[in-house]
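Q: Submitted below is the structure of interest, expressed as structure tokens.
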Amino acid sequence: MKGFKIGGLNIPVPIIQGGMGVGISLSNLAAAVANEGGVGVISCAGLGLVYKNSAQNYLQANVDGLKNEIKKAREASKGIIGVNIMAALTNFEDMVRTTIAEKADIIFAGAGLPLNLPSFLKPDSITKLVPIVSSGKAAKILCAKWKNNFDYLPDAFVVEGPKAGGHLGFKREQIEDVNYSLEQIVPDVVDAVKVFEDQYNQEIPVIAAGGLYNGSDIYEIMKKGAKGVQLGSLFVTTEECDASDIFKQKYIDSSESELEIIQSPVGMPGRAFSNAFLDKVKQGLKVPKTCPFQCIKTCDISKSPYCIVTALFNAAKGNMKNGYAFAGSNAFRATKINTVKEVFAELVEGFRIKAESVLK
């Protein structure tokens with residue numbers, strides 16, 4: 001399992017921890033992953049709730065919280081620390097500026113095409129920019145727009161397939177369509193960026209994400225052209241994960257049949273574990289009175305059955321009666337709480353065993 005580089009940053013172990021909100025992947029998990037040679041990622045989604053008592057308003061609490069989480073991760077690790085920022089956030093620009101000012105190593109930007117992301121860089125900025133896409137077409141658009149408008153190419157791409165947890169960048173009917181599987185879209189993106197790599201003599205590594213769970217999975221997707229992988233669900237059931245023990249136990253106790261595709265208030269399908277809260281949503285029993293945060297551009301309070309940032313925050317804190325857990329397609333396979341170090345060791349060993357079996 002070889003390391004790789006993102007914009008000159010050396011990643012010793014090609015494993016990126018997915019940014020999981022609200023409050024699932026913060027500084028504790030990110031630092032632990034970075035200490036093992038991977039990329040630890042802080043999710044800035046909903047930080048205004050996590051830090052609601054530290055500022056006068058939700059949006060300022062997001063900024064304060066992000067600064068604090070990056071600082072804590074830096075104090076706990078000398079490794080690579082990234083921040084996941086959804087382009088759909090109403091305060092997207094503030095979170096990008098804060099991340100760059102605090103000198104986080106990488107921004108991972110998804111939930112929409114971050115067409116203007118390079119515009120926030122300053123001459124002395126060190127932060128690398130990595131968009132999250134679901135197709136070669138999206139990667140091509142971003143490369144062309146960024147190069148034309150800012151003379152900047154993405155430092156890497158994360159390609160997220162339909163088996164991921166949380167919000168999915170696919171139409172509902174595409175989620176089970178093999179033509180949109182990760183195994184199909186990774187080569188699609190690799191081919192799309194190769195044109196720009198060759199033209200501008202710059203490497204743009206592709207990182208595969210969505211449903212990957214063990215070393216064998218990593219080996220197989222790297223054979224498709226991925227230089228690294230992003231894993232989320234596997235890190236939820238670790239001691240270092242920032243979520244509550246109740247949230248982690250949901251992964252351990254649930255079965256595959258409990259995973260379902262829901263329609264999120266933000267207008268996208270998502271994968272989550274079914275529970276009583278989601279049952280009430282289906283029955284029309286959940287109706288928000290007001291929208292106190294205005295946190296997502298695409299969330300319409302007049303049509304939303306509930307406030308998603310509140311529901312996800314409740315779940316992270318263990319209040320499953322008023323929330324639910326997003327999860328990847330293999331999250332049900334969790335059987336116990338591990339350490340991040342143990343997860344890395346198992347992934348590296350599984351990769352080695354798979355590689356050796358292929359060579360025999």
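By convention here, the chains of the structure tokens are called A, B, ... in the order presented, each chain's residues are numbered starting at 1, and ligands are numbered starting at 1 in the order presented.
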Check region 60-93 of chain A with DSSP on the backbone and list each residue it calls strand (DSSP E), as a ChimeraX atom specification.
A: /A:80-86
Q: Would you write out those residues with C-alpha atoms, as a short mmCIF file (atom, residue, chain, number, x, y, z; two decimals), in the first residue's frame?
A:
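Once written, result07.cif looks like this:
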```cif
data_model
loop_
_atom_site.label_atom_id
_atom_site.label_comp_id
_atom_site.auth_asym_id
_atom_site.auth_seq_id
_atom_site.Cartn_x
_atom_site.Cartn_y
_atom_site.Cartn_z
CA ILE A 80 -2.03 15.91 7.63
CA ILE A 81 -5.28 17.60 8.72
CA GLY A 82 -8.09 18.40 6.30
CA VAL A 83 -11.51 20.02 6.55
CA ASN A 84 -14.66 18.88 4.77
CA ILE A 85 -16.81 21.81 3.64
CA MET A 86 -20.09 21.38 1.80
#
```
Q: Quick one: everything within 6 Å of Ile15 (chain A), counting only C-alpha atoms, minus sequence neighbours fewer than 2 positions away in the same chain. Send it as an MDAnalysis selection string.
A: chainID A and resid 13 38 228:230
Q: Those selected residues, please, written with N, CA and C atoms and delivered as a CSV table (one decimal), in the first residue's frame.
A:
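The resulting file, result-v9.csv, is reproduced below:
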```csv
chain,number,residue,atom,x,y,z
A,13,VAL,N,0.3,6.9,4.2
A,13,VAL,CA,-0.6,5.8,4.0
A,13,VAL,C,-1.8,6.3,3.2
A,38,GLY,N,-2.4,8.7,7.7
A,38,GLY,CA,-3.4,9.0,6.8
A,38,GLY,C,-3.8,10.5,6.8
A,228,GLY,N,-5.6,6.7,-3.8
A,228,GLY,CA,-5.9,6.6,-2.4
A,228,GLY,C,-7.4,6.3,-2.2
A,229,VAL,N,-7.8,6.2,-1.0
A,229,VAL,CA,-9.2,5.9,-0.7
A,229,VAL,C,-9.7,6.7,0.5
A,230,GLN,N,-11.0,7.0,0.5
A,230,GLN,CA,-11.6,7.7,1.6
A,230,GLN,C,-12.6,6.8,2.3
```
Q: Any idea what's packed within 10 Å of Gly37 (chain A), counting only C-alpha atoms, ignoring anything in its chain fewer than 4 positions away? Could you give it as a tab-separated table (two decimals) with C-alpha atoms, in the first residue's frame?
A:
```
chain	number	residue	atom	x	y	z
A	3	GLY	CA	1.70	6.50	-0.19
A	10	ASN	CA	3.20	13.49	1.31
A	11	ILE	CA	0.49	11.07	2.47
A	12	PRO	CA	2.41	8.05	3.89
A	13	VAL	CA	-0.64	5.77	4.02
A	14	PRO	CA	-3.18	6.37	1.20
A	15	ILE	CA	-6.18	6.50	3.52
A	16	ILE	CA	-8.33	9.59	3.94
A	32	ALA	CA	-5.78	9.97	15.44
A	33	VAL	CA	-6.01	9.23	11.71
A	78	LYS	CA	1.94	16.49	13.35
A	79	GLY	CA	0.21	14.72	10.45
A	80	ILE	CA	-2.03	15.91	7.63
A	344	PHE	CA	-5.09	0.99	10.01
```
Q: Between CA of Ala45 (chain A) and CA of Val133 (chain A), what is the distance, to one decimal in Å?
A: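 Going from CA of Ala45 (chain A) over to CA of Val133 (chain A) covers 18.1 Å.
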Q: Counting only C-alpha atoms, figure out which residue out of A:Ala327, A:Leu113, A:Ala139, A:Ile207 gets nearest to Val158 (chain A).
A: A:Ile207
Q: Which residues are close to region 310-318 of chain A, i.e. within 7 Å by only C-alpha atoms, leaving aside same-chain residues fewer than 5 positions away? Reply as a list in words.
A: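 So the residues in contact are Val22, Gly23, Ile24, Ala243, Ser244, Ile246, Phe247, Gly323, Tyr324 and Ala325 of chain A.
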Q: Any chance you can output those residues with N, CA and C atoms as an mmCIF file, in the first residue's frame?
A:
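Final file, again_13.cif:
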```cif
data_model
loop_
_atom_site.group_PDB
_atom_site.id
_atom_site.type_symbol
_atom_site.label_atom_id
_atom_site.label_comp_id
_atom_site.auth_asym_id
_atom_site.auth_seq_id
_atom_site.Cartn_x
_atom_site.Cartn_y
_atom_site.Cartn_z
ATOM 1 N N VAL A 22 -23.169 15.534 11.752
ATOM 2 C CA VAL A 22 -22.724 16.675 12.539
ATOM 3 C C VAL A 22 -22.036 16.168 13.799
ATOM 4 N N GLY A 23 -20.795 16.553 14.020
ATOM 5 C CA GLY A 23 -20.108 16.182 15.240
ATOM 6 C C GLY A 23 -19.574 14.769 15.297
ATOM 7 N N ILE A 24 -19.488 14.080 14.145
ATOM 8 C CA ILE A 24 -18.973 12.707 14.139
ATOM 9 C C ILE A 24 -17.461 12.707 13.978
ATOM 10 N N ALA A 243 -18.224 10.951 18.019
ATOM 11 C CA ALA A 243 -19.635 10.688 18.290
ATOM 12 C C ALA A 243 -19.808 10.003 19.649
ATOM 13 N N SER A 244 -21.050 10.006 20.135
ATOM 14 C CA SER A 244 -21.350 9.352 21.410
ATOM 15 C C SER A 244 -21.280 7.834 21.276
ATOM 16 N N ILE A 246 -23.539 5.800 22.142
ATOM 17 C CA ILE A 246 -24.840 5.329 21.655
ATOM 18 C C ILE A 246 -24.877 5.348 20.125
ATOM 19 N N PHE A 247 -24.346 6.388 19.531
ATOM 20 C CA PHE A 247 -24.274 6.483 18.072
ATOM 21 C C PHE A 247 -23.426 5.338 17.510
ATOM 22 N N GLY A 323 -33.369 11.946 16.082
ATOM 23 C CA GLY A 323 -32.376 12.002 15.015
ATOM 24 C C GLY A 323 -32.119 10.619 14.449
ATOM 25 N N TYR A 324 -31.129 10.534 13.574
ATOM 26 C CA TYR A 324 -30.807 9.254 12.935
ATOM 27 C C TYR A 324 -29.348 9.261 12.494
ATOM 28 N N ALA A 325 -28.847 8.068 12.160
ATOM 29 C CA ALA A 325 -27.436 7.922 11.793
ATOM 30 C C ALA A 325 -27.281 7.664 10.304
#
```
Q: Name all residues at most 12 Å from Met268 (chain A) (count only C-alpha atoms; drop same-chain ones fewer than 3 positions away) and give them as a list in words.
A: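 Those residues are Ala88, Ala111, Gly112, Gly166, His167, Leu168, Gly169, Phe170, Lys171, Arg172, Ile175, Ile261, Ile262, Gln263, Ser264, Pro265, Arg271, Ile296, Thr298, Cys299 and Ile308 of chain A.
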Q: Using the selection just defined, write its residues with C-alpha atoms as a PDB file, in the first residue's frame.
A:
```pdb
ATOM      1  CA  ALA A  88     -24.244  23.858  -0.195  1.00  0.00           C
ATOM      2  CA  ALA A 111     -22.309  18.697  -2.036  1.00  0.00           C
ATOM      3  CA  GLY A 112     -22.175  20.858  -5.144  1.00  0.00           C
ATOM      4  CA  GLY A 166     -24.889  10.489   4.065  1.00  0.00           C
ATOM      5  CA  HIS A 167     -25.899  12.585   1.094  1.00  0.00           C
ATOM      6  CA  LEU A 168     -25.362  11.018  -2.314  1.00  0.00           C
ATOM      7  CA  GLY A 169     -24.636  12.863  -5.536  1.00  0.00           C
ATOM      8  CA  PHE A 170     -26.896  10.614  -7.582  1.00  0.00           C
ATOM      9  CA  LYS A 171     -30.509  10.380  -8.580  1.00  0.00           C
ATOM     10  CA  ARG A 172     -32.429   7.748  -6.662  1.00  0.00           C
ATOM     11  CA  ILE A 175     -27.939   4.344  -6.758  1.00  0.00           C
ATOM     12  CA  ILE A 261     -32.277   5.389   1.160  1.00  0.00           C
ATOM     13  CA  ILE A 262     -34.038   8.496   2.435  1.00  0.00           C
ATOM     14  CA  GLN A 263     -34.882  11.820   0.854  1.00  0.00           C
ATOM     15  CA  SER A 264     -33.055  14.517   2.773  1.00  0.00           C
ATOM     16  CA  PRO A 265     -34.547  17.961   3.415  1.00  0.00           C
ATOM     17  CA  ARG A 271     -28.224   6.437   3.111  1.00  0.00           C
ATOM     18  CA  ILE A 296     -28.086  24.878   3.809  1.00  0.00           C
ATOM     19  CA  THR A 298     -31.076  24.058  -0.788  1.00  0.00           C
ATOM     20  CA  CYS A 299     -33.140  23.456   2.358  1.00  0.00           C
ATOM     21  CA  ILE A 308     -31.539  17.983   9.297  1.00  0.00           C
TER      22      ILE A 308
END
```
Q: List the neighbours of Glu160 (chain A) out to 6 Å using only C-alpha atoms; skip same-chain residues closer than 5 positions along the sequence, and give me the result as a ChimeraX atom specification.
A: /A:134,209-210
Q: For Ile42 (chain A), which residue out of A:Ile221, A:Ala104, A:Val63, A:Val189 is the nearest one, using only C-alpha atoms?
A: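 Smallest separation from Ile42 (chain A) among the options: A:Ala104.
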Q: Extract, using only C-alpha atoms, all DNA, RNA and protein residues at most 9 Å from Phe273 (chain A), discarding same-chain residues fewer than 2 positions from it, and format them as a list in words.
A: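 Non-adjacent residues within range: Lys250, Tyr251, Ser254, Ser255, Glu256, Ser257, Glu258, Leu259, Glu260, Ile261, Arg271, Asn275, Leu278, Tyr324, Ala325, Phe326, Ala327 and Phe332 of chain A.
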Q: Now that the selection is made, can you save its residues with C-alpha atoms as a compact mmCIF listing (two decimals), in the first residue's frame?
A:
```txt
# COMPACT_ATOMS: atom_id res chain seq x y z
CA LYS A 250 -26.14 1.82 16.48
CA TYR A 251 -23.64 0.72 13.86
CA SER A 254 -27.86 -2.76 13.16
CA SER A 255 -28.26 -5.19 10.26
CA GLU A 256 -28.02 -4.68 6.51
CA SER A 257 -31.81 -4.71 6.23
CA GLU A 258 -31.98 -1.59 8.39
CA LEU A 259 -30.07 0.52 5.86
CA GLU A 260 -32.37 2.61 3.70
CA ILE A 261 -32.28 5.39 1.16
CA ARG A 271 -28.22 6.44 3.11
CA ASN A 275 -35.32 4.08 13.15
CA LEU A 278 -37.45 8.27 10.21
CA TYR A 324 -30.81 9.25 12.93
CA ALA A 325 -27.44 7.92 11.79
CA PHE A 326 -26.13 8.28 8.26
CA ALA A 327 -24.10 5.22 7.26
CA PHE A 332 -23.66 -2.87 9.37
```
Q: Nearest to Gln202 (chain A): which of A:Ile132, A:Lys5, A:Ala334, A:Gly267 is it, counting only C-alpha atoms?
A: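 Smallest distance to Gln202 (chain A) is found for A:Lys5.
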